[in-house]
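What follows is a set of notes on a single structure, which appears directly below.
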Amino acid sequence: MSDPSVLVVEDEPDIAALYAGFLEEQYAVDVAETAAEAIDRVDAAVDVVLLDRRLPDGSGDDVLGHIREEGYDCRVAMVTAVEPDFDIIDMGFDLYLTKPVSRSKLLAAIDTLLTRSEYDDLVQEAAALASKRAVLSSQKPAAQREGNEAYAELVERLEDLDADIDDLGESLSTDDYRAMFRDLGEA
């Protein structure tokens, strides 16, 4: 079995090289420095994309849109200096990491994403929404969260998903469950 494939999309060559160095012992790593390169390099063989939101020729958000429109079944972590806002709720990523990101946090993120990819769509959606809720809870005051309609809808959807996956949760081991829902927003 081949190593999982990770595409690092990062426009700063030093940071891209640093991330690749962190990962190359365990993963097959490819690097793209622009949105156009990322769109050219992402395909069905990519397991994880580490995606910066600000790229010189466009937005990482556009790359993410392309990945989801094409139906690629890879997990995506936004790894960016852009502070999260409520706009992230509707984005199709799985994790949001704010730079700087340590080696241990990057490796833990990939481990979490690869674990999530083993489960069905319902559990993947719940995990992605739980990550978004955790990021926004750590970055936005309670008054802002409580007054935001999109955030309220996110919480409601999570509650619905929790009810739907209760039976599935009984079949998961404790380690699987912890890895799947690990919150990387706390460091």
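Chain labels follow the order of the structure tokens: the first chain is A, the next B, and so on; residue numbering restarts at 1 in every chain, and ligands are counted from 1 in their shown order.
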Leaving out stretch 62-71 of chain A and any residue of its chain fewer than 5 positions from it, which residues lie within 7 Å of it when counting only C-alpha atoms, given as a list of chain:residue names?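 Non-adjacent residues within range: A:Ala35, A:Ala38, A:Ile39, A:Gly92.
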Which residues of stretch 38-115 of chain A have any atom within 12 Å of an atom in stretch 15-23 of chain A when counting only C-alpha atoms, and what is the closest pair of atoms for each, with the distance in Å to one decimal? Order the rows by chain and rising number and write it as a tab-separated table.
```
residue	atom	partner	partner_atom	distance
A:Val48	CA	A:Leu23	CA	11.6
A:Val49	CA	A:Tyr19	CA	11.9
A:Leu50	CA	A:Tyr19	CA	9.3
A:Leu51	CA	A:Ala16	CA	10.6
A:Asp52	CA	A:Ala16	CA	10.2
A:Val79	CA	A:Tyr19	CA	10.6
A:Thr80	CA	A:Ile15	CA	11.2
A:Lys99	CA	A:Ile15	CA	10.3
A:Pro100	CA	A:Ile15	CA	9.6
A:Val101	CA	A:Tyr19	CA	9.1
A:Ser102	CA	A:Tyr19	CA	9.1
A:Arg103	CA	A:Phe22	CA	5.9
A:Ser104	CA	A:Phe22	CA	8.8
A:Lys105	CA	A:Phe22	CA	10.5
A:Leu106	CA	A:Tyr19	CA	8.0
A:Leu107	CA	A:Leu23	CA	7.3
A:Ala108	CA	A:Leu23	CA	11.0
A:Ala109	CA	A:Leu23	CA	11.4
A:Ile110	CA	A:Leu23	CA	9.3
A:Asp111	CA	A:Leu23	CA	11.2
```
Please write the residues from the selection above to a file, keeping C-alpha atoms, as an mmCIF file, in the first residue's frame.
```
data_model
loop_
_atom_site.group_PDB
_atom_site.id
_atom_site.type_symbol
_atom_site.label_atom_id
_atom_site.label_comp_id
_atom_site.auth_asym_id
_atom_site.auth_seq_id
_atom_site.Cartn_x
_atom_site.Cartn_y
_atom_site.Cartn_z
ATOM 1 C CA VAL A 48 -5.312 15.479 1.823
ATOM 2 C CA VAL A 49 -4.919 19.090 0.709
ATOM 3 C CA LEU A 50 -3.301 21.668 2.982
ATOM 4 C CA LEU A 51 -4.631 24.879 1.472
ATOM 5 C CA ASP A 52 -3.651 28.501 2.054
ATOM 6 C CA VAL A 79 -3.817 26.395 6.722
ATOM 7 C CA THR A 80 -3.798 30.144 6.668
ATOM 8 C CA LYS A 99 -0.660 29.991 11.042
ATOM 9 C CA PRO A 100 1.877 29.525 12.405
ATOM 10 C CA VAL A 101 1.417 25.738 12.486
ATOM 11 C CA SER A 102 3.876 23.461 14.259
ATOM 12 C CA ARG A 103 5.082 20.127 12.950
ATOM 13 C CA SER A 104 3.066 18.255 15.591
ATOM 14 C CA LYS A 105 -0.111 20.185 14.806
ATOM 15 C CA LEU A 106 0.309 19.594 11.064
ATOM 16 C CA LEU A 107 0.881 15.861 11.542
ATOM 17 C CA ALA A 108 -2.083 15.634 13.931
ATOM 18 C CA ALA A 109 -4.265 17.439 11.386
ATOM 19 C CA ILE A 110 -3.377 14.976 8.644
ATOM 20 C CA ASP A 111 -3.944 12.036 10.990
#
```
Among the residues A:Leu55, A:Val29, A:Ala44, A:Val76, the one that comes closest to A:Glu12 [using only C-alpha atoms]: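 Closest to A:Glu12, using only C-alpha atoms: A:Leu55.
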Å distance separating atom CA of A:Asp90 from atom CA of A:Leu113, one decimal place: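 According to the coordinates, atom CA of A:Asp90 and atom CA of A:Leu113 are separated by 18.6 Å.
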Would you give me, as a VMD selection string, the residues in stretch 69-164 of chain A that DSSP reads as helix (DSSP H, G or I)? chain A and resid 69 86 to 90 103 to 116 121 to 139 142 to 146 149 to 164
Contact residues around A:Glu125 with only C-alpha atoms at 10 Å, ignoring same-chain residues under 6 positions, as a tab-separated table (two decimals) with N, CA and C atoms, in the first residue's frame:
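Written output follows (out-v7.tsv):
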```
chain	number	residue	atom	x	y	z
A	92	GLY	N	-16.44	24.32	2.15
A	92	GLY	CA	-16.38	22.87	2.16
A	92	GLY	C	-15.08	22.26	2.65
A	93	PHE	N	-14.41	22.89	3.59
A	93	PHE	CA	-13.18	22.31	4.14
A	93	PHE	C	-13.51	21.46	5.36
A	94	ASP	N	-12.50	20.71	5.81
A	94	ASP	CA	-12.68	19.81	6.95
A	94	ASP	C	-12.06	20.34	8.24
A	116	ARG	N	-10.90	10.61	9.40
A	116	ARG	CA	-12.25	11.01	8.98
A	116	ARG	C	-12.61	10.44	7.62
A	131	SER	N	-15.57	21.04	13.80
A	131	SER	CA	-14.31	21.79	13.71
A	131	SER	C	-14.59	23.28	13.50
A	157	ARG	N	-27.73	22.24	12.77
A	157	ARG	CA	-27.38	21.11	11.88
A	157	ARG	C	-26.55	20.09	12.65
A	158	LEU	N	-25.62	20.56	13.47
A	158	LEU	CA	-24.82	19.64	14.28
A	158	LEU	C	-25.69	18.83	15.24
A	161	LEU	N	-27.37	16.17	13.23
A	161	LEU	CA	-26.42	15.11	12.87
A	161	LEU	C	-26.09	14.24	14.08
```
Just the residues within 12 Å of A:Ala152, please, counting only C-alpha atoms, with nothing from its chain fewer than 5 positions along; format it as number ranges by chain. A: 86, 89, 129, 133, 136, 142-147, 157-159
Writer output for current selection, all heavy atoms, as a compact mmCIF listing (two decimals), in the first residue's frame:
```txt
# COMPACT_ATOMS: atom_id res chain seq x y z
N PHE A 86 -17.34 34.20 10.14
CA PHE A 86 -18.52 33.38 9.91
C PHE A 86 -18.64 32.88 8.47
O PHE A 86 -19.37 31.93 8.21
CB PHE A 86 -19.78 34.13 10.33
CG PHE A 86 -19.84 34.37 11.82
CD1 PHE A 86 -19.66 35.64 12.34
CD2 PHE A 86 -20.04 33.32 12.70
CE1 PHE A 86 -19.70 35.86 13.72
CE2 PHE A 86 -20.08 33.53 14.08
CZ PHE A 86 -19.91 34.80 14.59
N ILE A 89 -18.38 29.01 7.61
CA ILE A 89 -19.44 28.04 7.85
C ILE A 89 -19.88 27.35 6.56
O ILE A 89 -20.11 26.14 6.54
CB ILE A 89 -20.64 28.70 8.56
CG1 ILE A 89 -20.22 29.10 9.99
CG2 ILE A 89 -21.85 27.78 8.58
CD1 ILE A 89 -21.24 29.95 10.74
N LEU A 129 -18.26 20.20 10.63
CA LEU A 129 -19.05 21.24 11.32
C LEU A 129 -18.58 21.43 12.75
O LEU A 129 -18.53 22.56 13.24
CB LEU A 129 -20.54 20.89 11.28
CG LEU A 129 -21.20 20.96 9.90
CD1 LEU A 129 -22.65 20.51 9.99
CD2 LEU A 129 -21.10 22.34 9.29
N ARG A 133 -17.31 24.92 14.33
CA ARG A 133 -17.87 25.45 15.58
C ARG A 133 -16.74 25.71 16.58
O ARG A 133 -16.71 26.76 17.25
CB ARG A 133 -18.90 24.50 16.17
CG ARG A 133 -19.49 25.03 17.49
CD ARG A 133 -20.52 24.11 18.09
NE ARG A 133 -19.91 22.82 18.38
CZ ARG A 133 -20.58 21.74 18.76
NH1 ARG A 133 -21.88 21.79 18.88
NH2 ARG A 133 -19.95 20.61 19.01
N LEU A 136 -14.71 28.86 15.50
CA LEU A 136 -15.46 30.09 15.73
C LEU A 136 -15.66 30.36 17.23
O LEU A 136 -15.60 31.51 17.67
CB LEU A 136 -16.80 30.05 15.00
CG LEU A 136 -16.69 30.12 13.48
CD1 LEU A 136 -18.04 29.86 12.83
CD2 LEU A 136 -16.13 31.48 13.04
N ALA A 142 -19.04 35.19 22.48
CA ALA A 142 -20.35 34.53 22.54
C ALA A 142 -21.45 35.43 21.99
O ALA A 142 -22.34 34.95 21.27
CB ALA A 142 -20.66 34.12 23.98
N ALA A 143 -21.41 36.71 22.27
CA ALA A 143 -22.46 37.63 21.79
C ALA A 143 -22.51 37.66 20.26
O ALA A 143 -23.60 37.70 19.68
CB ALA A 143 -22.23 39.03 22.34
N GLN A 144 -21.35 37.64 19.61
CA GLN A 144 -21.32 37.62 18.14
C GLN A 144 -21.86 36.30 17.60
O GLN A 144 -22.60 36.29 16.62
CB GLN A 144 -19.91 37.86 17.62
CG GLN A 144 -19.48 39.29 17.65
CD GLN A 144 -18.12 39.49 16.99
OE1 GLN A 144 -17.49 38.54 16.52
NE2 GLN A 144 -17.67 40.73 16.96
N ARG A 145 -21.45 35.19 18.24
CA ARG A 145 -21.93 33.88 17.79
C ARG A 145 -23.45 33.78 17.95
O ARG A 145 -24.14 33.31 17.05
CB ARG A 145 -21.24 32.76 18.55
CG ARG A 145 -19.76 32.64 18.26
CD ARG A 145 -19.15 31.37 18.83
NE ARG A 145 -19.55 31.03 20.18
CZ ARG A 145 -18.90 31.40 21.28
NH1 ARG A 145 -17.81 32.14 21.20
NH2 ARG A 145 -19.33 31.01 22.48
N GLU A 146 -23.94 34.19 19.09
CA GLU A 146 -25.38 34.08 19.38
C GLU A 146 -26.21 34.95 18.45
O GLU A 146 -27.36 34.63 18.17
CB GLU A 146 -25.65 34.45 20.84
CG GLU A 146 -25.10 33.42 21.80
CD GLU A 146 -25.07 33.89 23.25
OE1 GLU A 146 -25.58 35.01 23.54
OE2 GLU A 146 -24.51 33.16 24.08
N GLY A 147 -25.64 36.04 17.95
CA GLY A 147 -26.37 36.93 17.07
C GLY A 147 -26.22 36.62 15.60
O GLY A 147 -26.74 37.35 14.75
N ARG A 157 -27.73 22.24 12.77
CA ARG A 157 -27.38 21.11 11.88
C ARG A 157 -26.55 20.09 12.65
O ARG A 157 -26.75 18.88 12.50
CB ARG A 157 -26.63 21.60 10.64
CG ARG A 157 -26.17 20.51 9.71
CD ARG A 157 -27.33 19.79 9.05
NE ARG A 157 -26.83 18.74 8.18
CZ ARG A 157 -27.42 17.57 8.01
NH1 ARG A 157 -28.56 17.30 8.62
NH2 ARG A 157 -26.89 16.67 7.22
N LEU A 158 -25.62 20.56 13.47
CA LEU A 158 -24.82 19.64 14.28
C LEU A 158 -25.69 18.83 15.24
O LEU A 158 -25.47 17.63 15.41
CB LEU A 158 -23.77 20.42 15.08
CG LEU A 158 -22.36 20.36 14.56
CD1 LEU A 158 -21.45 21.28 15.34
CD2 LEU A 158 -21.82 18.97 14.54
N GLU A 159 -26.66 19.48 15.85
CA GLU A 159 -27.56 18.77 16.76
C GLU A 159 -28.34 17.70 16.00
O GLU A 159 -28.52 16.58 16.50
CB GLU A 159 -28.50 19.75 17.45
CG GLU A 159 -27.80 20.63 18.47
CD GLU A 159 -28.65 21.77 19.01
OE1 GLU A 159 -29.80 21.95 18.53
OE2 GLU A 159 -28.16 22.49 19.89
```
Which residue, A:Arg54, A:Lys140, A:Lys132, A:Arg41, has the smallest gap to A:Leu97 when you use only C-alpha atoms?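 Residue with the minimum atom-to-atom distance to A:Leu97: A:Lys132.
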Using only C-alpha atoms, pick whichever of A:Leu7, A:Leu122, A:Val31, A:Ala77 has the shortest atom-to-atom distance to A:Asp43. A:Leu7
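If you measure from each of A:Ala128, A:Val9, A:Ser117, A:Asp85 to A:Pro141 using only C-alpha atoms, the closest one turns out to be A:Asp85.
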Among the residues A:Ala134, A:Ala28, A:Val82, A:Ala45, the one that comes closest to A:Ser59 [using only C-alpha atoms]: A:Val82
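Taking atom CA of A:Asp121 as the reference point, atom CA of A:Glu37 is found at 27.9 Å.
Note that DSSP on the backbone gives strand (DSSP E or B) to these residues of chain A: Ser5, Val6, Leu7, Val8, Val9, Ala28, Val29, Asp30, Val31, Ala32, Val48, Val49, Leu50, Leu51, Arg54, Leu55, Gly58, Ser59, Arg75, Val76, Ala77, Met78, Val79, Thr80, Leu95, Tyr96, Leu97 and Thr98 of chain A.
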Between A:Leu114, A:Val155, A:Val8, A:Ala126, which is the closest to A:Asp73 once you count only C-alpha atoms?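 Selected residue with least distance to A:Asp73: A:Leu114.
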